[in-house]
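Visitor: Structure file final-v2.tsv, TSV, C-alpha atoms, is pasted below:
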chain	number	residue	atom	x	y	z
T	1378	MET	CA	-1.12	-8.49	8.82
T	1379	ALA	CA	-3.12	-9.67	5.78
T	1380	ASP	CA	-5.00	-6.36	5.80
T	1381	ARG	CA	-1.74	-4.57	5.06
T	1382	ILE	CA	-1.33	-6.12	1.62
T	1383	HIS	CA	-4.95	-5.64	0.66
T	1384	ARG	CA	-4.42	-1.87	0.67
T	1385	VAL	CA	-3.90	-1.20	-3.03
T	1386	ILE	CA	-4.17	2.35	-4.31
T	1387	ILE	CA	-4.71	2.84	-8.03
T	1388	GLU	CA	-4.26	6.33	-9.45
T	1389	GLY	CA	-4.32	6.28	-13.24
T	1390	SER	CA	-1.38	4.15	-14.36
T	1391	LEU	CA	0.27	4.17	-10.90
T	1392	ILE	CA	-0.38	1.38	-8.42
T	1393	SER	CA	0.77	1.55	-4.80
T	1394	THR	CA	0.91	-1.08	-2.09
T	1395	PRO	CA	2.34	-0.79	1.42
T	1396	ARG	CA	5.85	-1.64	0.16
T	1397	LEU	CA	5.79	-1.08	-3.61
T	1398	THR	CA	5.15	1.46	-6.32
T	1399	LEU	CA	4.23	0.11	-9.74
T	1400	ARG	CA	4.59	2.63	-12.55
T	1401	PRO	CA	4.88	2.46	-16.33
T	1402	TRP	CA	8.36	1.74	-17.64
T	1403	ALA	CA	10.40	4.73	-18.82
T	1404	THR	CA	13.28	4.74	-21.29
T	1405	GLY	CA	15.68	5.77	-18.52
T	1406	ASP	CA	14.99	2.54	-16.54
T	1407	ALA	CA	17.34	0.30	-18.53
T	1408	GLU	CA	20.34	0.49	-16.20
T	1409	ALA	CA	18.24	-0.39	-13.15
T	1410	ALA	CA	16.43	-3.16	-15.07
T	1411	LEU	CA	19.60	-4.94	-16.22
T	1412	PRO	CA	20.23	-6.67	-12.83
T	1413	VAL	CA	16.74	-8.19	-13.16
T	1414	TYR	CA	16.56	-9.20	-16.82
T	1415	GLY	CA	20.27	-9.74	-17.33
T	1416	VAL	CA	20.55	-12.76	-15.01
T	1417	ASP	CA	19.80	-16.36	-15.89
T	1418	GLU	CA	18.02	-16.99	-12.56
T	1419	VAL	CA	15.23	-14.71	-13.82
T	1420	SER	CA	15.23	-15.09	-17.60
T	1421	ARG	CA	15.27	-18.88	-17.76
T	1422	TRP	CA	11.78	-19.06	-16.24
T	1423	LEU	CA	10.11	-16.53	-18.52
T	1424	ALA	CA	7.51	-17.49	-21.08
T	1425	PRO	CA	8.10	-16.82	-23.88
T	1426	ALA	CA	11.73	-17.75	-23.45
T	1427	LEU	CA	14.11	-14.83	-23.06
T	1428	GLU	CA	17.87	-15.10	-22.97
T	1429	PRO	CA	19.49	-12.98	-20.26
T	1430	VAL	CA	19.79	-9.43	-21.59
T	1431	SER	CA	23.45	-9.19	-22.54
T	1432	ASP	CA	24.30	-5.52	-21.97
T	1433	LEU	CA	22.95	-2.04	-21.32
T	1434	ALA	CA	22.29	-1.28	-25.01
T	1435	ALA	CA	20.17	-4.43	-25.34
T	1436	MET	CA	18.27	-3.56	-22.15
T	1437	GLU	CA	17.64	-0.04	-23.49
T	1438	ARG	CA	16.14	-1.52	-26.68
T	1439	LEU	CA	13.94	-3.89	-24.67
T	1440	VAL	CA	12.64	-1.14	-22.34
T	1441	GLU	CA	11.97	1.09	-25.36
T	1442	ARG	CA	9.94	-1.74	-26.92
T	1443	TRP	CA	7.95	-2.12	-23.68
T	1444	VAL	CA	7.24	1.63	-23.56
T	1445	THR	CA	6.08	1.62	-27.19
T	1446	GLU	CA	4.01	-1.54	-26.74
T	1447	SER	CA	2.37	-0.21	-23.57
T	1448	ALA	CA	1.02	2.80	-25.45
T	1449	THR	CA	-1.04	0.42	-27.63
T	1450	LEU	CA	-2.46	-1.77	-24.84
T	1451	GLU	CA	-6.07	-1.47	-23.73
T	1452	PRO	CA	-6.49	-0.91	-19.97
T	1453	PRO	CA	-6.21	-2.70	-17.63
T	1454	GLN	CA	-3.36	-4.29	-19.61
T	1455	GLY	CA	0.13	-2.93	-19.13
T	1456	ARG	CA	3.72	-3.30	-18.01
T	1457	TRP	CA	4.99	-1.71	-14.82
T	1458	ALA	CA	8.38	-1.16	-13.26
T	1459	VAL	CA	8.33	-2.29	-9.62
T	1460	SER	CA	10.10	-0.04	-7.12
T	1461	LEU	CA	10.46	-0.13	-3.35
T	1462	ARG	CA	8.39	2.68	-1.85
T	1463	GLU	CA	10.92	3.42	0.89
T	1464	THR	CA	13.95	3.87	-1.35
T	1465	GLY	CA	12.63	4.21	-4.89
T	1466	GLU	CA	14.96	1.39	-5.98
T	1467	LEU	CA	13.72	-0.42	-9.08
T	1468	VAL	CA	13.65	-4.13	-8.21
T	1469	GLY	CA	11.66	-5.72	-11.01
T	1470	GLY	CA	8.71	-5.67	-13.32
T	1471	VAL	CA	5.15	-6.92	-13.50
T	1472	ALA	CA	2.85	-7.21	-16.49
T	1473	LEU	CA	-0.77	-7.88	-17.33
T	1474	LEU	CA	-0.86	-9.00	-20.96
T	1475	PRO	CA	-3.02	-11.09	-23.27
T	1476	LEU	CA	-1.87	-14.68	-23.63
T	1477	PRO	CA	-1.28	-16.07	-27.11
T	1478	PRO	CA	-2.51	-17.51	-29.33
T	1479	PHE	CA	-5.94	-15.87	-29.13
T	1480	GLY	CA	-5.37	-13.02	-26.65
T	1481	SER	CA	-8.60	-13.73	-24.79
T	1482	ASP	CA	-6.92	-14.79	-21.52
T	1483	LEU	CA	-5.01	-12.22	-19.45
T	1484	GLU	CA	-1.75	-13.23	-17.80
T	1485	ILE	CA	-0.08	-11.73	-14.76
T	1486	GLY	CA	3.70	-12.09	-14.97
T	1487	TRP	CA	6.33	-10.90	-12.49
T	1488	GLN	CA	10.11	-10.72	-12.42
T	1489	LEU	CA	12.22	-9.51	-9.52
T	1490	ALA	CA	15.94	-9.14	-8.93
T	1491	PRO	CA	17.31	-12.18	-7.06
T	1492	GLY	CA	18.55	-9.91	-4.27
T	1493	VAL	CA	14.96	-9.21	-3.15
T	1494	TRP	CA	13.57	-12.73	-3.47
T	1495	GLY	CA	11.94	-14.31	-0.45
T	1496	GLN	CA	10.24	-11.13	0.82
T	1497	GLY	CA	6.83	-11.62	-0.78
T	1498	LEU	CA	7.33	-8.68	-3.16
T	1499	ALA	CA	6.43	-10.58	-6.35
T	1500	ALA	CA	3.16	-11.76	-4.80
T	1501	GLU	CA	2.44	-8.24	-3.58
T	1502	ALA	CA	3.00	-6.85	-7.10
T	1503	GLY	CA	0.88	-9.59	-8.70
T	1504	HIS	CA	-1.89	-9.01	-6.19
T	1505	ALA	CA	-1.84	-5.27	-6.92
T	1506	VAL	CA	-2.12	-5.83	-10.67
T	1507	ALA	CA	-5.02	-8.23	-10.05
T	1508	HIS	CA	-6.79	-5.40	-8.21
T	1509	ARG	CA	-6.22	-3.10	-11.18
T	1510	ALA	CA	-7.66	-5.70	-13.56
T	1511	PHE	CA	-10.72	-6.55	-11.51
T	1512	GLU	CA	-11.51	-2.95	-10.55
T	1513	SER	CA	-11.31	-1.72	-14.15
T	1514	ASP	CA	-14.30	-1.16	-16.39
T	1515	ALA	CA	-13.07	-3.89	-18.76
T	1516	GLY	CA	-15.22	-6.63	-17.23
T	1517	VAL	CA	-12.29	-8.90	-16.35
T	1518	GLU	CA	-13.57	-11.95	-14.48
T	1519	GLU	CA	-10.43	-14.11	-14.30
T	1520	LEU	CA	-6.66	-13.85	-14.62
T	1521	PHE	CA	-4.00	-16.46	-15.29
T	1522	ALA	CA	-0.36	-17.08	-14.54
T	1523	VAL	CA	1.66	-19.59	-16.53
T	1524	VAL	CA	4.63	-21.23	-14.84
T	1525	ARG	CA	7.30	-23.48	-16.30
T	1526	PRO	CA	7.47	-26.94	-14.72
T	1527	ARG	CA	10.12	-27.08	-11.98
T	1528	ASN	CA	9.73	-23.34	-11.26
T	1529	ALA	CA	8.70	-23.90	-7.65
T	1530	ARG	CA	9.25	-20.23	-6.78
T	1531	GLY	CA	6.90	-19.07	-9.56
T	1532	ALA	CA	4.24	-21.61	-8.56
T	1533	ALA	CA	4.45	-20.54	-4.92
T	1534	THR	CA	4.10	-16.90	-5.91
T	1535	ALA	CA	0.99	-17.64	-7.97
T	1536	ARG	CA	-0.56	-19.39	-4.96
T	1537	ARG	CA	0.36	-16.47	-2.69
T	1538	VAL	CA	-1.40	-14.10	-5.07
T	1539	GLY	CA	-4.47	-16.26	-4.41
T	1540	MET	CA	-4.42	-18.28	-7.64
T	1541	GLU	CA	-5.39	-21.92	-7.89
T	1542	TRP	CA	-3.67	-24.54	-10.02
T	1543	VAL	CA	-5.87	-25.67	-12.91
T	1544	GLY	CA	-3.54	-27.99	-14.85
T	1545	GLU	CA	-0.86	-28.14	-17.50
T	1546	THR	CA	-1.20	-27.03	-21.10
T	1547	GLU	CA	0.76	-26.49	-24.29
T	1548	LYS	CA	-1.73	-23.87	-25.46
T	1549	TYR	CA	0.44	-20.87	-24.59
T	1550	TYR	CA	3.84	-20.04	-26.15
T	1551	ASN	CA	4.16	-23.62	-27.55
T	1552	LEU	CA	5.56	-24.68	-24.17
T	1553	THR	CA	4.35	-27.12	-21.53
T	1554	LEU	CA	3.25	-24.79	-18.74
T	1555	GLN	CA	1.41	-25.04	-15.45
T	1556	VAL	CA	-1.64	-22.79	-15.37
T	1557	TYR	CA	-2.91	-20.91	-12.31
T	1558	ARG	CA	-6.16	-18.94	-12.25
T	1559	LEU	CA	-7.61	-16.20	-10.06
T	1560	ARG	CA	-11.30	-15.40	-10.31
T	1561	LYS	CA	-12.59	-11.96	-9.46
T	1562	GLY	CA	-14.70	-13.24	-6.57
T	1563	ASP	CA	-11.68	-14.96	-5.02
T	1564	LEU	CA	-9.47	-11.86	-4.77
T	1565	ASP	CA	-8.91	-11.08	-1.09
T	1566	ALA	CA	-11.25	-13.90	-0.06
T	1567	GLY	CA	-8.71	-15.12	2.49
T	1568	GLY	CA	-6.60	-18.19	1.97
T	1569	PRO	CA	-3.17	-17.83	0.34
T	1570	THR	CA	-3.00	-14.02	0.36
T	1571	ALA	CA	-3.13	-14.07	4.14
T	1572	ALA	CA	0.42	-15.43	4.04
T	1573	PHE	CA	1.95	-12.20	2.69
T	1574	PRO	CA	4.50	-10.67	5.04
Written as C-alpha cells, how would this file's structure read?
Guide:
Amino acid sequence: MADRIHRVIIEGSLISTPRLTLRPWATGDAEAALPVYGVDEVSRWLAPALEPVSDLAAMERLVERWVTESATLEPPQGRWAVSLRETGELVGGVALLPLPPFGSDLEIGWQLAPGVWGQGLAAEAGHAVAHRAFESDAGVEELFAVVRPRNARGAATARRVGMEWVGETEKYYNLTLQVYRLRKGDLDAGGPTAAFP
C-alpha cells in the first residue's frame, strides 16, 4: 500500500501520482478553483492570511497572478493545480515557494476543496512536490510547512507527508506558526508516509 504513493512521475512541470495530476495553473481554472479558495474552511488557515475569494472575477485575478508569478520562479519552485487523475476534476492547489522574510527556506503548502478532505489527497500532493524538490538540480536538502495553531488537519497532513514538528516561530508572515520540516534523506524512509491510503 505505501509503495503506491511513492510512485511519483515528474515530466517537466507535470507531476503525477497514483490518484493525482499536478499541473501549472492556467487562466481558465478560476471557476473550478473558486470552491477551494472561496470557502472559509480553507482560507482561514492560509499563511499569509487570505480572505475567502468573494466571486469569480476575484478568483480570475488571483489565478492570473499565480500564472504570472510562476513564470518568474526558479525550479523546483512553483504552484500547481491539483486534479483527480480519474476524472480530471480540479480539487485544489499545492505550492512550493520561498518563505519570507529571507526566501532561503522553501515551504510546501496545500489547499483542497472540503468535499475531498479525509482521503489523503493533500498529503499525496505534498509528498509529490517534495519529490520534485529533492530530485531537482537545485540542491534542496530540506523543506518546511508552516501551520497555524489549532489547525489539526494541516498538522496531520504535514506529518503524513513525512515531516517532523520542529517548534513554533513568528519568523514567517509575522504570525505564530508551527513549523514542520522534511529532510531529503527522510523522504520515503518509512514512518508517516506509510499511512497514506
Visitor: Go through T:Ala1409, T:Ile1386, T:Leu1399, T:Ala1522 and flag the residue nearest Trp1542 (chain T), using only C-alpha atoms for the distances.
Guide: T:Ala1522
Visitor: Hey, which of T:Val1468, T:Val1385, T:Ile1392, T:Ala1435 ends up closest to Ala1410 (chain T)? Count only C-alpha atoms.
Guide: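 So, comparing all the options, the nearest one is T:Val1468.
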Visitor: Determine, counting all atoms listed in the file, which protein, DNA and RNA residues have an atom within 7 Å of an atom of region 1500-1509 of chain T; residues of the same chain fewer than 5 positions away are not included. Present the result as a list in words.
Guide: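 Selected residues are Ile1382, Val1385, Ile1387, Ile1392, Thr1394, Pro1453, Val1471, Ile1485, Trp1487, Thr1534, Arg1537 and Val1538 of chain T.
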Visitor: Could you write out that same residue set with C-alpha atoms as a CSV table (one decimal), in the frame of the given file?
Guide:
chain,number,residue,atom,x,y,z
T,1382,ILE,CA,-1.3,-6.1,1.6
T,1385,VAL,CA,-3.9,-1.2,-3.0
T,1387,ILE,CA,-4.7,2.8,-8.0
T,1392,ILE,CA,-0.4,1.4,-8.4
T,1394,THR,CA,0.9,-1.1,-2.1
T,1453,PRO,CA,-6.2,-2.7,-17.6
T,1471,VAL,CA,5.2,-6.9,-13.5
T,1485,ILE,CA,-0.1,-11.7,-14.8
T,1487,TRP,CA,6.3,-10.9,-12.5
T,1534,THR,CA,4.1,-16.9,-5.9
T,1537,ARG,CA,0.4,-16.5,-2.7
T,1538,VAL,CA,-1.4,-14.1,-5.1
Visitor: What's around Val1517 (chain T) at 8 Å? Count all atoms listed in the file, leave out sequence neighbours fewer than 6 positions away in its own chain, and write the answer as a list of chain:residue names.
Guide: T:Ala1510, T:Phe1511, T:Lys1561
Visitor: Could the centre and edge lengths of an axis-aligned box, enclosing all atoms of region 1548-1553 of chain T in the file with 8 Å extra on each side, be given in Å to one decimal as lines of an AutoDock Vina configuration file?
Guide:
center_x = 1.9
center_y = -23.6
center_z = -24.5
size_x = 23.3
size_y = 23.1
size_z = 22.0
Visitor: Between CA of Pro1475 (chain T) and CA of Val1413 (chain T), what is the distance in Å, rounded to a tenth?
Guide: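 We find that CA of Pro1475 (chain T) and CA of Val1413 (chain T) lie 22.4 Å from each other.
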Visitor: Within 12 Å of (-11.3, -13.6, -24.3) (file coordinates; only C-alpha atoms), which protein or nucleic acid residues are there? I'd like them as a short mmCIF file (atom, residue, chain, number, x, y, z; two decimals) with C-alpha atoms, in the coordinates of the input.
Guide:
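Result saved to out-v3.cif:
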data_model
loop_
_atom_site.label_atom_id
_atom_site.label_comp_id
_atom_site.auth_asym_id
_atom_site.auth_seq_id
_atom_site.Cartn_x
_atom_site.Cartn_y
_atom_site.Cartn_z
CA LEU T 1474 -0.86 -9.00 -20.96
CA PRO T 1475 -3.02 -11.09 -23.27
CA LEU T 1476 -1.87 -14.68 -23.63
CA PRO T 1477 -1.28 -16.07 -27.11
CA PRO T 1478 -2.51 -17.51 -29.33
CA PHE T 1479 -5.94 -15.87 -29.13
CA GLY T 1480 -5.37 -13.02 -26.65
CA SER T 1481 -8.60 -13.73 -24.79
CA ASP T 1482 -6.92 -14.79 -21.52
CA LEU T 1483 -5.01 -12.22 -19.45
CA GLU T 1484 -1.75 -13.23 -17.80
CA ALA T 1515 -13.07 -3.89 -18.76
CA GLY T 1516 -15.22 -6.63 -17.23
CA VAL T 1517 -12.29 -8.90 -16.35
CA GLU T 1518 -13.57 -11.95 -14.48
CA GLU T 1519 -10.43 -14.11 -14.30
CA LEU T 1520 -6.66 -13.85 -14.62
CA PHE T 1521 -4.00 -16.46 -15.29
#
